[in-house]
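Enquirer: The structure's right below; bear with me while I get my questions together.
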Amino acid sequence: MALIEYREALNQAFAEEIERDPNVVLMGEEVAQYDGAYKVTRGLWKKYGDKRVVDTPISEAAFIGMGVGASMLGLRPVMELMFWSFATVTYDQIVNNAGQVRYMSGGLINCPIVIRGPANGGTGVGATHSHTPENWLAAIPGLKVVSAATAYDAKGLHEDRHP
Amino acid sequence: MHYFAPDKNYWGGHGIVGGQTPLGLGLAYGLKYKGLKGAALCFLGRRRGEPGLLLREPQHGGAFRASCRLRHREQQILDGHQPRAFVGRRPVPRAARRGVLHRVGSGQRRGRLRGARRRRKQAIERAHNESKPTVIEFDTYRYYGHSVADAKHKGGYRQEEEIEQLQEAARPDPALQEAAWSPKKVLSEEQYEAIDAEAQGRGTTPPRTSPQDSPIPTVESIFEDVYFEVDRQTEAGRTGRFFFND
């Protein structure tokens with residue numbers, strides 16, 4: 001098995017999914033021209049262009065909600081939160097819209113969206129950027145929460161067709 | 001609120017007021033991404049749009065050149081506010097300073113209806129042809145509080161005399177007639193009568209069986225109409241994991 005970094009595994013998964021499905025689009029703050037705040041999306045914007053890799057304005061509530069709306073129409077957005085702490089400002093979009101639209105619509109509307117990013121403490125980024133809110137969200141019906149421990153799992157889970 | 005019918009392009013009412021505006025933008029983005037000639041119409045009340053997201057979405061819409069949005073404003077919807085705005089008078093259009101392009105609400109009844117129709121058409125054409133967003137602010141009026149749970153739902157939210165005055169002066173039915181039979185005839189008298197008859201029928205026909213007439217659901221039916229893939233046995237429904245015991 002190749003020995004690669006965690007972010008390289010993610011990068012490979014995104015490239016393979018962009019190639020596989022024309023509805024996959026990467027979105028987030030600095031994911032395109034800057035190659036990602038953590039260089040997870042390095043080279044993808046140059047390779048796939050503006051349509052498939054999109055920089056968003058700085059408003060998690062707005063752009064995550066936008067991704068949810070786009071996914072309702074059949075797109076498969078992969079949204080990066082620069083820190084999962086920012087889930088607090090887009091909690092309504094994740095919980096009430098992404099998580100519940102299937103239930104609210106009686107199963108008529110799907111929401112095939114992936115929201116991903118680092119959640120961590122101890123990296124010196126301050127208390128408001130150090131939450132690990134995946135356990136909060138795991139309690140919400142309609143959301144599937146995964147926390148990949150290895151690069152192998154991280155790549156494989158991003159390519160899971162039947163989550 | 002409450003309309004989910006994707007086959008009719010109704011993408012839902014969303015319970016947390018104001019939270020629907022990014023979804024509207026996302027639907028518009030999806031239209032543009034797929035190369036479809038369409039426009040997403042997103043409705044919201046004024047007070048709910050004031051904080052946060054409404055300020056952002058014109059920026060997003062501009063950045064992505066994605067969307068057409070219509071803004072529906074309800075005047076004085078907060079309990080306890082005295083109605084300072086009434087038909088024919090307008091409060092200061094604060095939203096109009098944030099990239100809002102159009103306001104509809106002034107003038108005579110006929111002018112308002114025509115204005116609403118004209119502005120809507122302009123906005124949709126702008127979305128179709130230029131992929132640019134539009135915000136339209138309508139002056140509207142509501143009789144009662146949002147729900148029976150609200151304080152002053154009836155008997156205090158508005159003064160009864162005020163409501164009667166409004167109904168006499170500006171109820172939509174004669175306003176529509178006036179507009180329809182104007183020199184530019186939007187509707188024929190026969191068309192109007194047909195619409196009116198259909199609307200009257202809808203108002204008196206219960207939309208669904210009342211709970212008292214329905215059988216008690218079984219325990220086994222608890223997941224029905226919840227998981228699309230499972231109900232329709234799609235590939236994901238046959239092979240995915242949806243329940244705790246899968």
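Going by the structure tokens order, chains are called A, B, ..., each with residues numbered from 1, while ligands are numbered from 1 in the order shown.
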For the interface of chain B with chain A (cut-off 6 Å, counting only C-alpha atoms), please tabulate each contacting residue of chain B alongside its nearest pair of atoms and their separation in Å to one decimal, rows sorted by chain and increasing number, as a Markdown table.

Expert:
| residue | atom | partner | partner_atom | distance |
| --- | --- | --- | --- | --- |
| B:Phe4 | CA | A:Ser105 | CA | 5.3 |
| B:Pro22 | CA | A:Met66 | CA | 4.7 |
| B:Leu23 | CA | A:Gly69 | CA | 4.0 |
| B:Leu25 | CA | A:Met66 | CA | 5.6 |
| B:Gly26 | CA | A:Met66 | CA | 3.8 |
| B:Leu27 | CA | A:Ala70 | CA | 4.8 |
| B:Gly30 | CA | A:Ala70 | CA | 4.8 |
| B:Asp225 | CA | A:Gly106 | CA | 5.2 |
| B:Val226 | CA | A:Gly107 | CA | 4.9 |
| B:Tyr227 | CA | A:Gly107 | CA | 5.4 |
| B:Phe228 | CA | A:Gly107 | CA | 4.7 |
| B:Ala236 | CA | A:His162 | CA | 5.4 |
| B:Gly240 | CA | A:His162 | CA | 4.8 |

Enquirer: Run DSSP on the backbone and grab whatever in region 23-122 of chain A lands in strand (DSSP E); send it over as a short mmCIF file (atom, residue, chain, number, x, y, z; two decimals) with all heavy atoms, in the first residue's frame.

Expert:
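And here is the file that came out, part26.cif:
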data_model
loop_
_atom_site.label_atom_id
_atom_site.label_comp_id
_atom_site.auth_asym_id
_atom_site.auth_seq_id
_atom_site.Cartn_x
_atom_site.Cartn_y
_atom_site.Cartn_z
N VAL A 24 -20.30 16.44 -9.10
CA VAL A 24 -19.49 16.70 -7.92
C VAL A 24 -18.79 18.05 -8.07
O VAL A 24 -18.18 18.33 -9.11
CB VAL A 24 -18.44 15.59 -7.71
CG1 VAL A 24 -17.44 16.00 -6.63
CG2 VAL A 24 -19.13 14.29 -7.32
N VAL A 25 -18.93 18.89 -7.06
CA VAL A 25 -18.27 20.19 -7.07
C VAL A 25 -17.70 20.45 -5.67
O VAL A 25 -18.37 20.20 -4.67
CB VAL A 25 -19.25 21.31 -7.52
CG1 VAL A 25 -20.51 21.33 -6.68
CG2 VAL A 25 -18.59 22.67 -7.50
N LEU A 26 -16.46 20.90 -5.62
CA LEU A 26 -15.83 21.23 -4.34
C LEU A 26 -16.07 22.70 -4.05
O LEU A 26 -15.88 23.55 -4.92
CB LEU A 26 -14.33 20.97 -4.38
CG LEU A 26 -13.84 19.58 -4.79
CD1 LEU A 26 -12.31 19.51 -4.67
CD2 LEU A 26 -14.47 18.50 -3.94
N MET A 27 -16.47 22.99 -2.81
CA MET A 27 -16.71 24.39 -2.43
C MET A 27 -16.15 24.64 -1.04
O MET A 27 -16.14 23.74 -0.18
CB MET A 27 -18.21 24.69 -2.38
CG MET A 27 -18.92 24.68 -3.70
SD MET A 27 -20.64 25.19 -3.43
CE MET A 27 -21.28 25.01 -5.07
N GLY A 28 -15.76 25.86 -0.81
CA GLY A 28 -15.31 26.25 0.52
C GLY A 28 -14.42 27.49 0.44
O GLY A 28 -14.08 27.96 -0.64
N VAL A 53 -14.30 23.48 -8.85
CA VAL A 53 -13.64 23.83 -7.59
C VAL A 53 -13.88 25.32 -7.35
O VAL A 53 -13.39 26.16 -8.12
CB VAL A 53 -12.14 23.52 -7.61
CG1 VAL A 53 -11.53 23.75 -6.23
CG2 VAL A 53 -11.88 22.09 -8.08
N VAL A 54 -14.64 25.65 -6.29
CA VAL A 54 -15.21 26.99 -6.17
C VAL A 54 -14.85 27.61 -4.82
O VAL A 54 -15.11 27.03 -3.76
CB VAL A 54 -16.75 26.92 -6.30
CG1 VAL A 54 -17.36 28.30 -6.18
CG2 VAL A 54 -17.14 26.27 -7.62
N ASP A 55 -14.26 28.80 -4.87
CA ASP A 55 -14.05 29.57 -3.65
C ASP A 55 -15.36 30.23 -3.23
O ASP A 55 -16.06 30.81 -4.07
CB ASP A 55 -13.00 30.66 -3.88
CG ASP A 55 -11.59 30.14 -3.83
OD1 ASP A 55 -11.34 29.17 -3.08
OD2 ASP A 55 -10.72 30.68 -4.53
N ARG A 76 -23.76 17.28 -6.25
CA ARG A 76 -23.16 16.59 -5.12
C ARG A 76 -22.00 17.44 -4.58
O ARG A 76 -20.84 17.14 -4.84
CB ARG A 76 -22.68 15.21 -5.53
CG ARG A 76 -23.84 14.28 -5.91
CD ARG A 76 -23.38 12.92 -6.35
NE ARG A 76 -24.51 12.05 -6.59
CZ ARG A 76 -25.09 11.29 -5.66
NH1 ARG A 76 -24.64 11.32 -4.43
NH2 ARG A 76 -26.12 10.52 -5.95
N PRO A 77 -22.35 18.47 -3.84
CA PRO A 77 -21.31 19.37 -3.35
C PRO A 77 -20.50 18.73 -2.23
O PRO A 77 -21.03 18.00 -1.39
CB PRO A 77 -22.09 20.58 -2.81
CG PRO A 77 -23.51 20.38 -3.27
CD PRO A 77 -23.69 18.92 -3.46
N VAL A 78 -19.20 18.97 -2.27
CA VAL A 78 -18.31 18.58 -1.18
C VAL A 78 -17.81 19.89 -0.57
O VAL A 78 -17.02 20.60 -1.18
CB VAL A 78 -17.13 17.73 -1.68
CG1 VAL A 78 -16.23 17.35 -0.52
CG2 VAL A 78 -17.65 16.48 -2.40
N MET A 79 -18.33 20.21 0.60
CA MET A 79 -18.10 21.52 1.19
C MET A 79 -17.04 21.43 2.28
O MET A 79 -17.12 20.56 3.15
CB MET A 79 -19.40 22.04 1.83
CG MET A 79 -20.67 21.80 1.03
SD MET A 79 -20.82 22.81 -0.43
CE MET A 79 -20.95 24.45 0.27
N GLU A 80 -16.09 22.34 2.26
CA GLU A 80 -15.08 22.36 3.31
C GLU A 80 -15.40 23.44 4.34
O GLU A 80 -15.61 24.60 3.99
CB GLU A 80 -13.69 22.62 2.74
CG GLU A 80 -12.63 22.70 3.85
CD GLU A 80 -11.20 22.81 3.33
OE1 GLU A 80 -10.74 21.82 2.73
OE2 GLU A 80 -10.57 23.85 3.53
N VAL A 114 -21.72 16.41 1.09
CA VAL A 114 -20.66 16.06 2.05
C VAL A 114 -20.11 17.36 2.61
O VAL A 114 -19.75 18.26 1.85
CB VAL A 114 -19.53 15.27 1.37
CG1 VAL A 114 -18.36 15.08 2.33
CG2 VAL A 114 -20.02 13.93 0.88
N ILE A 115 -20.11 17.47 3.92
CA ILE A 115 -19.50 18.63 4.57
C ILE A 115 -18.31 18.09 5.36
O ILE A 115 -18.46 17.19 6.18
CB ILE A 115 -20.51 19.33 5.52
CG1 ILE A 115 -21.79 19.67 4.75
CG2 ILE A 115 -19.89 20.58 6.13
CD1 ILE A 115 -22.95 20.11 5.65
N ARG A 116 -17.15 18.61 5.09
CA ARG A 116 -15.96 18.03 5.70
C ARG A 116 -15.01 19.13 6.17
O ARG A 116 -15.11 20.28 5.76
CB ARG A 116 -15.24 17.12 4.72
CG ARG A 116 -14.90 17.77 3.39
CD ARG A 116 -13.70 17.11 2.75
NE ARG A 116 -12.52 17.26 3.57
CZ ARG A 116 -11.74 18.35 3.56
NH1 ARG A 116 -12.01 19.39 2.81
NH2 ARG A 116 -10.67 18.42 4.35
#

Enquirer: Using Å and a single decimal, report how far CA of Arg241 (chain B) sits from CA of Ala151 (chain A).

Expert: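 According to the coordinates, CA of Ala151 (chain A) and CA of Arg241 (chain B) are separated by 22.8 Å.
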
Enquirer: Please return, as a ChimeraX atom specification, all residues of chain A that DSSP assigns to helix (DSSP H, G or I) on the basis of the backbone.

Expert: /A:6-20,44-48,60-72,84-98,101-104,127-129,134-137,151-158

Enquirer: Can you work out the spacing between CA of Gly124 (chain A) and CA of Ser85 (chain A) in Å, to one decimal?

Expert: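 Interatomic distance here is 13.7 Å.
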
Enquirer: What gap, in Å, lies between CA of Ile18 (chain A) and CA of Leu36 (chain B)?

Expert: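 Interatomic distance here is 20.5 Å.
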
Enquirer: Write out as JSON, numbers by chain which residues come within 8 Å of region 143-149 of chain A when counting only C-alpha atoms, dropping same-chain ones fewer than 6 positions away.

Expert: {"A": [95, 98, 99, 134, 137, 157, 163]}

Enquirer: So that I have them on file, write out the residues from the current selection with C-alpha atoms, as a short mmCIF file (atom, residue, chain, number, x, y, z; two decimals), in the first residue's frame.

Expert:
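See again22.cif below for the written result:
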data_model
loop_
_atom_site.label_atom_id
_atom_site.label_comp_id
_atom_site.auth_asym_id
_atom_site.auth_seq_id
_atom_site.Cartn_x
_atom_site.Cartn_y
_atom_site.Cartn_z
CA VAL A 95 -29.32 20.20 11.19
CA ALA A 98 -29.48 19.08 5.26
CA GLY A 99 -30.57 16.69 7.98
CA GLU A 134 -18.91 15.74 15.43
CA LEU A 137 -24.06 16.29 15.16
CA LEU A 157 -15.27 7.01 3.03
CA PRO A 163 -23.56 5.61 2.97
#

Enquirer: Write out as a PDB file with N, CA and C atoms, in the first residue's frame which residues come within 12 Å of Thr150 (chain A) when counting only C-alpha atoms, dropping same-chain ones fewer than 3 positions away.

Expert:
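The result, stored in around.pdb:
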ATOM      1  N   LEU A   3       2.326   4.819   0.826  1.00  0.00           N
ATOM      2  CA  LEU A   3       2.361   5.601   2.063  1.00  0.00           C
ATOM      3  C   LEU A   3       2.149   7.063   1.689  1.00  0.00           C
ATOM      4  N   ILE A   4       0.979   7.585   1.977  1.00  0.00           N
ATOM      5  CA  ILE A   4       0.670   8.974   1.613  1.00  0.00           C
ATOM      6  C   ILE A   4       0.091   9.698   2.814  1.00  0.00           C
ATOM      7  N   GLU A   5       0.155  11.029   2.753  1.00  0.00           N
ATOM      8  CA  GLU A   5      -0.426  11.840   3.814  1.00  0.00           C
ATOM      9  C   GLU A   5      -1.953  11.778   3.758  1.00  0.00           C
ATOM     10  N   TYR A   6      -2.551  12.073   4.901  1.00  0.00           N
ATOM     11  CA  TYR A   6      -4.014  12.093   5.023  1.00  0.00           C
ATOM     12  C   TYR A   6      -4.616  13.040   3.993  1.00  0.00           C
ATOM     13  N   ARG A   7      -4.046  14.240   3.871  1.00  0.00           N
ATOM     14  CA  ARG A   7      -4.625  15.205   2.943  1.00  0.00           C
ATOM     15  C   ARG A   7      -4.413  14.782   1.493  1.00  0.00           C
ATOM     16  N   GLU A   8      -3.364  14.063   1.228  1.00  0.00           N
ATOM     17  CA  GLU A   8      -3.166  13.552  -0.129  1.00  0.00           C
ATOM     18  C   GLU A   8      -4.221  12.491  -0.460  1.00  0.00           C
ATOM     19  N   ALA A   9      -4.572  11.707   0.549  1.00  0.00           N
ATOM     20  CA  ALA A   9      -5.637  10.713   0.336  1.00  0.00           C
ATOM     21  C   ALA A   9      -6.957  11.403   0.010  1.00  0.00           C
ATOM     22  N   LEU A  10      -7.252  12.484   0.735  1.00  0.00           N
ATOM     23  CA  LEU A  10      -8.463  13.246   0.434  1.00  0.00           C
ATOM     24  C   LEU A  10      -8.390  13.829  -0.969  1.00  0.00           C
ATOM     25  N   VAL A 146     -18.912  10.744  10.188  1.00  0.00           N
ATOM     26  CA  VAL A 146     -17.780   9.833  10.224  1.00  0.00           C
ATOM     27  C   VAL A 146     -16.542  10.615  10.614  1.00  0.00           C
ATOM     28  N   SER A 147     -15.664   9.959  11.312  1.00  0.00           N
ATOM     29  CA  SER A 147     -14.400  10.556  11.716  1.00  0.00           C
ATOM     30  C   SER A 147     -13.311   9.556  11.350  1.00  0.00           C
ATOM     31  N   ASP A 153      -8.955   5.122   5.334  1.00  0.00           N
ATOM     32  CA  ASP A 153     -10.383   5.296   5.612  1.00  0.00           C
ATOM     33  C   ASP A 153     -10.903   6.617   5.050  1.00  0.00           C
ATOM     34  N   ALA A 154     -10.088   7.653   5.171  1.00  0.00           N
ATOM     35  CA  ALA A 154     -10.531   8.978   4.704  1.00  0.00           C
ATOM     36  C   ALA A 154     -10.834   8.942   3.217  1.00  0.00           C
ATOM     37  N   LYS A 155      -9.980   8.326   2.461  1.00  0.00           N
ATOM     38  CA  LYS A 155     -10.221   8.238   1.017  1.00  0.00           C
ATOM     39  C   LYS A 155     -11.423   7.337   0.721  1.00  0.00           C
ATOM     40  N   GLY A 156     -11.451   6.212   1.364  1.00  0.00           N
ATOM     41  CA  GLY A 156     -12.537   5.260   1.101  1.00  0.00           C
ATOM     42  C   GLY A 156     -13.893   5.810   1.483  1.00  0.00           C
ATOM     43  N   LEU A 157     -13.980   6.492   2.599  1.00  0.00           N
ATOM     44  CA  LEU A 157     -15.270   7.013   3.034  1.00  0.00           C
ATOM     45  C   LEU A 157     -15.770   8.124   2.111  1.00  0.00           C
TER      46      LEU A 157
END

Enquirer: Near Leu44 (chain A), within 9 Å and counting only C-alpha atoms, which residues show up once chain neighbours fewer than 2 positions away are dropped, as a list in words?

Expert: Asn11, Phe14, Ala15, Val31, Ala32, Asp35, Thr41, Arg42, Lys46, Lys47, Tyr48, Gly49, Arg52 and Val53 of chain A

Enquirer: Select, from A:Ala2, A:Ala13, A:Ala87, A:Cys111, the residue with the minimum atom-to-atom distance to Thr128 (chain A), counting only C-alpha atoms.

Expert: A:Ala87
